[in-house]
Every structure is written in C-alpha cells, then in structure tokens.
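Dumped work-v6.cif below, it's mmCIF, C-alpha atoms:
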data_query
#
loop_
_atom_site.group_PDB
_atom_site.id
_atom_site.type_symbol
_atom_site.label_atom_id
_atom_site.label_comp_id
_atom_site.auth_asym_id
_atom_site.auth_seq_id
_atom_site.Cartn_x
_atom_site.Cartn_y
_atom_site.Cartn_z
ATOM 1 C CA MET B 1101 242.750 -200.836 -16.844
ATOM 2 C CA GLY B 1102 239.820 -198.824 -18.061
ATOM 3 C CA ALA B 1103 236.396 -200.189 -18.878
ATOM 4 C CA PRO B 1104 235.431 -200.653 -22.539
ATOM 5 C CA HIS B 1105 233.986 -197.531 -24.125
ATOM 6 C CA ASN B 1106 230.309 -197.126 -24.914
ATOM 7 C CA ILE B 1107 230.707 -196.549 -28.654
ATOM 8 C CA LYS B 1108 227.268 -194.926 -28.797
ATOM 9 C CA ARG B 1109 228.872 -191.992 -26.962
ATOM 10 C CA TYR B 1110 231.735 -191.560 -29.456
ATOM 11 C CA GLY B 1111 231.741 -187.989 -30.700
ATOM 12 C CA GLU B 1112 231.068 -186.385 -27.307
ATOM 13 C CA VAL B 1113 233.471 -183.539 -26.569
ATOM 14 C CA TRP B 1114 234.963 -182.151 -23.366
ATOM 15 C CA PRO B 1115 233.496 -178.824 -22.237
ATOM 16 C CA GLU B 1116 235.620 -175.882 -23.338
ATOM 17 C CA PHE B 1117 235.991 -174.609 -19.754
ATOM 18 C CA ARG B 1118 237.669 -177.875 -18.668
ATOM 19 C CA ILE B 1119 240.302 -177.518 -21.385
ATOM 20 C CA ARG B 1120 240.767 -173.793 -20.709
ATOM 21 C CA HIS B 1121 241.191 -174.258 -16.940
ATOM 22 C CA GLY B 1122 243.581 -177.161 -17.454
ATOM 23 C CA LEU B 1123 245.735 -175.150 -19.842
ATOM 24 C CA GLU B 1124 245.749 -172.153 -17.473
ATOM 25 C CA ILE B 1125 247.307 -174.120 -14.601
ATOM 26 C CA LEU B 1126 249.617 -176.101 -16.886
ATOM 27 C CA ASN B 1127 250.972 -172.850 -18.320
ATOM 28 C CA LYS B 1128 251.826 -171.713 -14.779
ATOM 29 C CA LEU B 1129 253.461 -175.069 -13.961
ATOM 30 C CA LYS B 1130 255.154 -175.761 -17.300
ATOM 31 C CA ALA B 1131 258.708 -174.973 -16.140
ATOM 32 C CA LYS B 1132 258.381 -177.385 -13.190
ATOM 33 C CA VAL B 1133 256.329 -180.380 -14.337
ATOM 34 C CA ILE B 1134 256.350 -183.257 -16.791
ATOM 35 C CA ILE B 1135 252.871 -183.823 -18.205
ATOM 36 C CA SER B 1136 251.499 -187.362 -18.288
ATOM 37 C CA GLY B 1137 248.190 -189.151 -18.914
ATOM 38 C CA GLY B 1138 245.445 -187.632 -21.032
ATOM 39 C CA TRP B 1139 247.035 -184.205 -21.073
ATOM 40 C CA ALA B 1140 250.251 -185.681 -22.498
ATOM 41 C CA TRP B 1141 248.213 -187.201 -25.341
ATOM 42 C CA HIS B 1142 246.503 -183.815 -25.740
ATOM 43 C CA PHE B 1143 249.846 -182.110 -26.379
ATOM 44 C CA MET B 1144 251.009 -184.950 -28.651
ATOM 45 C CA SER B 1145 247.858 -184.662 -30.788
ATOM 46 C CA GLU B 1146 247.529 -182.440 -33.826
ATOM 47 C CA LYS B 1147 247.132 -178.758 -33.077
ATOM 48 C CA SER B 1148 243.523 -177.516 -32.897
ATOM 49 C CA HIS B 1149 242.141 -181.051 -32.605
ATOM 50 C CA THR B 1150 238.583 -181.741 -31.510
ATOM 51 C CA GLU B 1151 238.490 -182.484 -27.762
ATOM 52 C CA TYR B 1152 236.697 -185.833 -27.953
ATOM 53 C CA LYS B 1153 236.033 -187.381 -24.546
ATOM 54 C CA HIS B 1154 237.157 -190.806 -25.751
ATOM 55 C CA ALA B 1155 240.367 -189.559 -27.384
ATOM 56 C CA HIS B 1156 242.129 -188.507 -24.191
ATOM 57 C CA ASP B 1157 241.145 -188.228 -20.572
ATOM 58 C CA HIS B 1158 240.756 -184.682 -19.249
ATOM 59 C CA LYS B 1159 239.020 -185.599 -15.962
ATOM 60 C CA ASP B 1160 242.239 -184.819 -14.130
ATOM 61 C CA ILE B 1161 245.745 -183.557 -14.835
ATOM 62 C CA ASP B 1162 248.584 -186.017 -14.240
ATOM 63 C CA VAL B 1163 252.026 -184.510 -13.717
ATOM 64 C CA PHE B 1164 255.418 -185.743 -12.645
ATOM 65 C CA VAL B 1165 257.685 -183.416 -10.721
ATOM 66 C CA LYS B 1166 261.402 -183.820 -10.102
ATOM 67 C CA LYS B 1167 262.117 -183.955 -6.372
ATOM 68 C CA GLU B 1168 264.058 -180.680 -6.486
ATOM 69 C CA ASN B 1169 260.995 -178.925 -8.013
ATOM 70 C CA ALA B 1170 258.366 -180.433 -5.699
ATOM 71 C CA ALA B 1171 258.279 -177.686 -3.049
ATOM 72 C CA GLU B 1172 258.099 -174.873 -5.606
ATOM 73 C CA THR B 1173 255.387 -176.714 -7.544
ATOM 74 C CA VAL B 1174 253.315 -177.091 -4.366
ATOM 75 C CA MET B 1175 253.770 -173.366 -3.651
ATOM 76 C CA ILE B 1176 252.507 -172.471 -7.145
ATOM 77 C CA LEU B 1177 249.490 -174.754 -6.704
ATOM 78 C CA GLN B 1178 248.679 -173.228 -3.320
ATOM 79 C CA GLN B 1179 249.049 -169.689 -4.696
ATOM 80 C CA GLU B 1180 246.557 -170.659 -7.424
ATOM 81 C CA GLY B 1181 244.024 -171.841 -4.834
ATOM 82 C CA PHE B 1182 244.689 -175.587 -4.979
ATOM 83 C CA GLN B 1183 244.515 -177.587 -1.773
ATOM 84 C CA LYS B 1184 245.895 -180.991 -0.832
ATOM 85 C CA VAL B 1185 243.208 -183.680 -0.942
ATOM 86 C CA TRP B 1186 243.714 -186.924 0.913
ATOM 87 C CA THR B 1187 243.164 -190.145 -1.027
ATOM 88 C CA ARG B 1188 243.371 -193.834 -0.262
ATOM 89 C CA TYR B 1189 246.727 -193.895 -2.084
ATOM 90 C CA ASP B 1190 248.495 -191.357 0.152
ATOM 91 C CA HIS B 1191 249.819 -193.846 2.678
ATOM 92 C CA LEU B 1192 250.810 -196.562 0.206
ATOM 93 C CA GLN B 1193 254.511 -197.169 -0.259
ATOM 94 C CA SER B 1194 255.543 -196.084 -3.759
ATOM 95 C CA GLU B 1195 258.493 -194.617 -5.592
ATOM 96 C CA GLU B 1196 256.389 -191.782 -6.965
ATOM 97 C CA ASN B 1197 255.281 -190.098 -3.692
ATOM 98 C CA PHE B 1198 251.741 -189.475 -4.989
ATOM 99 C CA ARG B 1199 249.738 -186.393 -3.958
ATOM 100 C CA ARG B 1200 246.454 -184.924 -5.165
ATOM 101 C CA TYR B 1201 245.566 -181.234 -5.311
ATOM 102 C CA GLU B 1202 242.173 -179.801 -6.165
ATOM 103 C CA LYS B 1203 240.553 -176.455 -6.766
ATOM 104 C CA THR B 1204 236.896 -175.630 -7.334
ATOM 105 C CA VAL B 1205 236.128 -172.935 -9.888
ATOM 106 C CA GLU B 1206 232.798 -171.131 -10.195
ATOM 107 C CA LEU B 1207 231.505 -171.093 -13.756
ATOM 108 C CA GLU B 1208 229.580 -168.254 -15.390
ATOM 109 C CA ASN B 1209 226.345 -170.264 -15.184
ATOM 110 C CA GLY B 1210 226.594 -170.546 -11.375
ATOM 111 C CA LYS B 1211 227.728 -174.172 -11.412
ATOM 112 C CA SER B 1212 231.142 -175.205 -10.175
ATOM 113 C CA HIS B 1213 233.927 -177.258 -11.720
ATOM 114 C CA ARG B 1214 236.671 -179.134 -9.871
ATOM 115 C CA ILE B 1215 240.205 -179.176 -11.270
ATOM 116 C CA THR B 1216 242.162 -182.195 -10.017
ATOM 117 C CA ILE B 1217 245.927 -182.536 -10.292
ATOM 118 C CA ASP B 1218 247.510 -185.893 -9.552
ATOM 119 C CA PHE B 1219 251.108 -185.165 -8.644
ATOM 120 C CA PHE B 1220 253.855 -187.794 -8.733
ATOM 121 C CA GLU B 1221 257.504 -187.246 -7.825
ATOM 122 C CA LYS B 1222 260.007 -188.858 -10.173
ATOM 123 C CA ASN B 1223 263.447 -187.869 -11.355
ATOM 124 C CA ASP B 1224 264.279 -190.241 -14.191
ATOM 125 C CA LEU B 1225 261.729 -189.962 -16.974
ATOM 126 C CA ASP B 1226 262.334 -189.942 -20.708
ATOM 127 C CA THR B 1227 260.571 -186.858 -22.025
ATOM 128 C CA ILE B 1228 259.973 -184.816 -25.137
ATOM 129 C CA GLU B 1229 259.187 -181.134 -25.492
ATOM 130 C CA ILE B 1230 256.089 -179.920 -27.310
ATOM 131 C CA ASP B 1231 255.314 -176.204 -27.584
ATOM 132 C CA GLY B 1232 257.274 -175.410 -24.414
ATOM 133 C CA PHE B 1233 255.666 -178.220 -22.378
ATOM 134 C CA THR B 1234 257.640 -181.222 -21.171
ATOM 135 C CA VAL B 1235 255.723 -184.432 -21.801
ATOM 136 C CA VAL B 1236 256.435 -188.091 -21.021
ATOM 137 C CA LYS B 1237 257.692 -189.880 -24.161
ATOM 138 C CA PRO B 1238 254.900 -191.901 -25.797
ATOM 139 C CA ASP B 1239 256.557 -195.318 -25.370
ATOM 140 C CA VAL B 1240 257.214 -194.623 -21.676
ATOM 141 C CA LEU B 1241 253.721 -193.210 -21.176
ATOM 142 C CA LEU B 1242 252.186 -196.418 -22.499
ATOM 143 C CA THR B 1243 253.918 -198.395 -19.727
ATOM 144 C CA PHE B 1244 252.088 -196.314 -17.093
ATOM 145 C CA TYR B 1245 248.748 -197.815 -18.044
ATOM 146 C CA ARG B 1246 249.660 -200.861 -15.984
ATOM 147 C CA ASN B 1247 249.960 -199.032 -12.658
ATOM 148 C CA ILE B 1248 249.593 -195.222 -12.713
ATOM 149 C CA HIS B 1249 246.982 -194.327 -15.339
ATOM 150 C CA SER B 1250 243.753 -196.199 -15.939
ATOM 151 C CA SER B 1251 242.237 -194.985 -19.215
ATOM 152 C CA ASP B 1252 243.987 -197.441 -21.521
ATOM 153 C CA LYS B 1253 240.940 -197.609 -23.817
ATOM 154 C CA CYS B 1254 241.327 -193.985 -24.926
ATOM 155 C CA TRP B 1255 241.776 -193.654 -28.671
ATOM 156 C CA ALA B 1256 245.161 -191.953 -28.305
ATOM 157 C CA VAL B 1257 246.521 -194.774 -26.136
ATOM 158 C CA MET B 1258 245.344 -197.464 -28.540
ATOM 159 C CA ALA B 1259 246.527 -195.530 -31.616
ATOM 160 C CA ALA B 1260 249.944 -194.734 -30.113
ATOM 161 C CA LYS B 1261 250.484 -198.379 -29.222
ATOM 162 C CA ASP B 1262 249.592 -199.435 -32.762
ATOM 163 C CA LEU B 1263 251.746 -196.725 -34.372
ATOM 164 C CA LEU B 1264 254.786 -197.504 -32.200
ATOM 165 C CA GLU B 1265 254.448 -201.225 -33.003
ATOM 166 C CA LYS B 1266 254.666 -200.217 -36.683
ATOM 167 C CA GLY B 1267 257.719 -198.021 -36.026
ATOM 168 C CA ILE B 1268 255.767 -194.767 -36.533
ATOM 169 C CA ASP B 1269 256.228 -191.785 -34.200
ATOM 170 C CA PRO B 1270 252.756 -190.988 -32.802
ATOM 171 C CA VAL B 1271 253.544 -187.353 -31.935
ATOM 172 C CA GLY B 1272 251.345 -185.130 -34.100
ATOM 173 C CA HIS B 1273 249.758 -188.121 -35.822
ATOM 174 C CA PRO B 1274 246.053 -187.671 -36.707
ATOM 175 C CA LYS B 1275 245.179 -191.160 -35.405
ATOM 176 C CA LEU B 1276 245.679 -189.933 -31.804
ATOM 177 C CA ASN B 1277 242.348 -188.159 -32.070
ATOM 178 C CA GLU B 1278 240.543 -190.231 -34.680
ATOM 179 C CA ILE B 1279 237.309 -192.056 -33.972
ATOM 180 C CA PRO B 1280 238.119 -195.767 -34.370
ATOM 181 C CA LYS B 1281 236.476 -197.383 -37.371
ATOM 182 C CA GLY B 1282 234.599 -200.652 -37.126
ATOM 183 C CA ASP B 1283 234.467 -200.848 -33.316
#

When written as structure tokens, how does the structure in this file appear?
Amino acid sequence: MGAPHNIKRYGEVWPEFRIRHGLEILNKLKAKVIISGGWAWHFMSEKSHTEYKHAHDHKDIDVFVKKENAAETVMILQQEGFQKVWTRYDHLQSEENFRRYEKTVELENGKSHRITIDFFEKNDLDTIEIDGFTVVKPDVLLTFYRNIHSSDKCWAVMAAKDLLEKGIDPVGHPKLNEIPKGD
C-alpha cells in the first residue's frame, strides 16, 4: 500500500515528456498488452485531463500480456531499445511471471529519462477497450492494489472505489482526476 500523500504537493503535474514517451511505447504495444496501474486510470480519465502526479502514477508502465503474446511483446520492446532489468521479484514464484524492461531516453536539455515497463503474464483478465487500448476493468484493477500495484492513495484509485461502491461507472468520470476536497 502506498504512503499517504503530502497534500501540500497537490497540483503538481507530470512532465510532458514522461506522458509522451509512455504513449509512444503504448501505441506500439497496444495490440499485444492490457494496460494496468496508473496508465489504466489515465485512459479511464476524461480526455485532455491535467496530468496531476497524485491522480495517477506515471512512474512506470504496468502491462499484462497473454502468454501467447509474450514473445512478440518482448521483441517489440527490444526493437524499441528496451532491455530486461533484473529485480528482486524475478525469482519469486508467482502466477504472473513478472519481468521489468527499461530504456533510457536523452532529453533535449541533455538530461536523461528512464522509461520502465513492468510486464506481467496473465491470460484471464476482465478488460474494457478505450480508444483502441485494452485496459483492466476498474473493479478488477482495484483488487491489484493488494499485491501488484502500490499507489492505492492516488486520487483515481480512491475515486473509482467510491464511485463503484455507489454503483457508478468510473470510466470517463471527472472525479478520477479531481483534487480531493477537505483532505
């Protein structure tokens, strides 16, 4: 579970290059992957929303891949300059067969930016389609905050949980990207 947010930092936004680079690789992978985590909430949010850091996590890109698409997905990542990165989770027994891939991109200002993709294999996920991207269904995605994802304090996660409890579909709902009031 994620740490409580520092509400004094509410309003901070993700750098545009992080969103652009994430979308570039997701567009190349879209026929092979199911998007999860912060990027799933990104696609479920209203179009042209502000990329608040506390709304959804864009530090990495979480994707699920069906076993039959795993090899081709790895080939695409390698062709795009991503390399396998070893983590402490690689040798743990799990259903999801976790792998991490990373790529470092040089920015115009001479600094570099690392794109991290956390890759899980799974065949039986309930999904929805949004703008040509396959995304984990919101109610299923919420269950992953117990063991796969850690940013359960993100506004989208909290809002989606509240909306679903009220019987409201969170997809496209403005609360997914709304600064919480009274926190």

### Task
Skip Lys1184 in chain B itself and residues of its chain fewer than 5 positions away, then list as a PyMOL selection string all residues within 8 Å of it, counting all atoms listed in the file.
chain B and resi 1199-1202

### Query
Between B:Met1144, B:Val1165, B:Val1113, B:Ile1217, which is the closest to Phe1182 in chain B once you count all atoms listed in the file?
B:Ile1217

### Task
Find the residue from B:Thr1173, B:Gly1272, B:Gly1137, B:Tyr1110 that sits nearest to His1156 in chain B; use only C-alpha atoms when measuring.
B:Gly1137

### Summary
Closest of B:Leu1129, B:Pro1280, B:Val1185, B:His1273 to Met1258 in chain B, counting all atoms listed in the file, is B:Pro1280

### Task
Compile the contact shell of Leu1126 in chain B as a list in words: residues with an atom at most 12 Å away, counting all atoms listed in the file, same-chain residues fewer than 5 positions apart removed.
Ile1119, Arg1120, His1121, Ala1131, Lys1132, Val1133, Ile1134, Ile1135, Ser1136, Trp1139, Ala1140, Phe1143, Asp1160, Ile1161, Asp1162, Val1163, Thr1173, Ile1176, Leu1177, Glu1180, Ile1215, Thr1216, Ile1217, Gly1232, Phe1233, Thr1234 and Val1235 of chain B

Using C-alpha atoms, can you export the residues from the last selection as a compact mmCIF listing (two decimals), in the frame of the given file?
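New file again.txt:
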# COMPACT_ATOMS: atom_id res chain seq x y z
CA ILE B 1119 240.30 -177.52 -21.38
CA ARG B 1120 240.77 -173.79 -20.71
CA HIS B 1121 241.19 -174.26 -16.94
CA ALA B 1131 258.71 -174.97 -16.14
CA LYS B 1132 258.38 -177.38 -13.19
CA VAL B 1133 256.33 -180.38 -14.34
CA ILE B 1134 256.35 -183.26 -16.79
CA ILE B 1135 252.87 -183.82 -18.20
CA SER B 1136 251.50 -187.36 -18.29
CA TRP B 1139 247.04 -184.20 -21.07
CA ALA B 1140 250.25 -185.68 -22.50
CA PHE B 1143 249.85 -182.11 -26.38
CA ASP B 1160 242.24 -184.82 -14.13
CA ILE B 1161 245.74 -183.56 -14.84
CA ASP B 1162 248.58 -186.02 -14.24
CA VAL B 1163 252.03 -184.51 -13.72
CA THR B 1173 255.39 -176.71 -7.54
CA ILE B 1176 252.51 -172.47 -7.14
CA LEU B 1177 249.49 -174.75 -6.70
CA GLU B 1180 246.56 -170.66 -7.42
CA ILE B 1215 240.20 -179.18 -11.27
CA THR B 1216 242.16 -182.20 -10.02
CA ILE B 1217 245.93 -182.54 -10.29
CA GLY B 1232 257.27 -175.41 -24.41
CA PHE B 1233 255.67 -178.22 -22.38
CA THR B 1234 257.64 -181.22 -21.17
CA VAL B 1235 255.72 -184.43 -21.80

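Between Glu1278 in chain B and the residues B:Glu1116, B:Glu1172, B:Glu1146, B:Glu1124, the shortest atom-to-atom distance, using all atoms listed in the file, involves B:Glu1146.
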
### Query
Quick one: of B:Lys1253, B:Phe1198, B:Ile1228, B:Ile1125, who's nearest to Gln1178 in chain B, counting all atoms listed in the file?
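Closest residue, counting all atoms listed in the file: B:Ile1125.
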
### Task
Report the distance between CA of Gly1138 in chain B and CA of Glu1208 in chain B in Å, rounded to one decimal place.
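Between these atoms lies a distance of 25.7 Å.
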
### Message
Quick check, in Å to one decimal: how far apart do CA of Leu1123 in chain B and CA of Lys1237 in chain B lie?
### Response
19.5 Å

### Message
Please compute the CA of Lys1222 in chain B-CA of Val1236 in chain B distance, one decimal, in Å.
### Response
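Result for CA of Lys1222 in chain B versus CA of Val1236 in chain B: 11.4 Å, one decimal.
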
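Closest approach to Lys1281 in chain B from the set B:Lys1167, B:Ile1230, B:Ala1259, B:Glu1221 is made by B:Ala1259, with distances taken over only C-alpha atoms.
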
Exercise on range 1122-1140 of chain B, axis-aligned box with 3 Å per side, report centre and edge lengths in Å to one decimal, as JSON:
{"center_x": 251.1, "center_y": -180.4, "center_z": -17.8, "size_x": 21.1, "size_y": 23.4, "size_z": 15.3}

### Message
Residues proximal to (232.9, -182.6, -29.6) were defined as those with any atom within 9 Å of that point in the file's coordinates, counting all atoms listed in the file. Which are they, as a list in words?
### Response
Gly1111, Glu1112, Val1113, Trp1114, Pro1115, Thr1150, Glu1151, Tyr1152 and Lys1153 of chain B

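Omitting range 1262-1264 of chain B and its sequence neighbours fewer than 6 positions away, and counting all atoms listed in the file, the residues within 12 Å are Lys1237, Pro1238, Asp1239, Val1240, Leu1241, Leu1242, Trp1255, Ala1256, Pro1270, Val1271, Gly1272, His1273, Pro1274, Lys1275 and Leu1276 of chain B.
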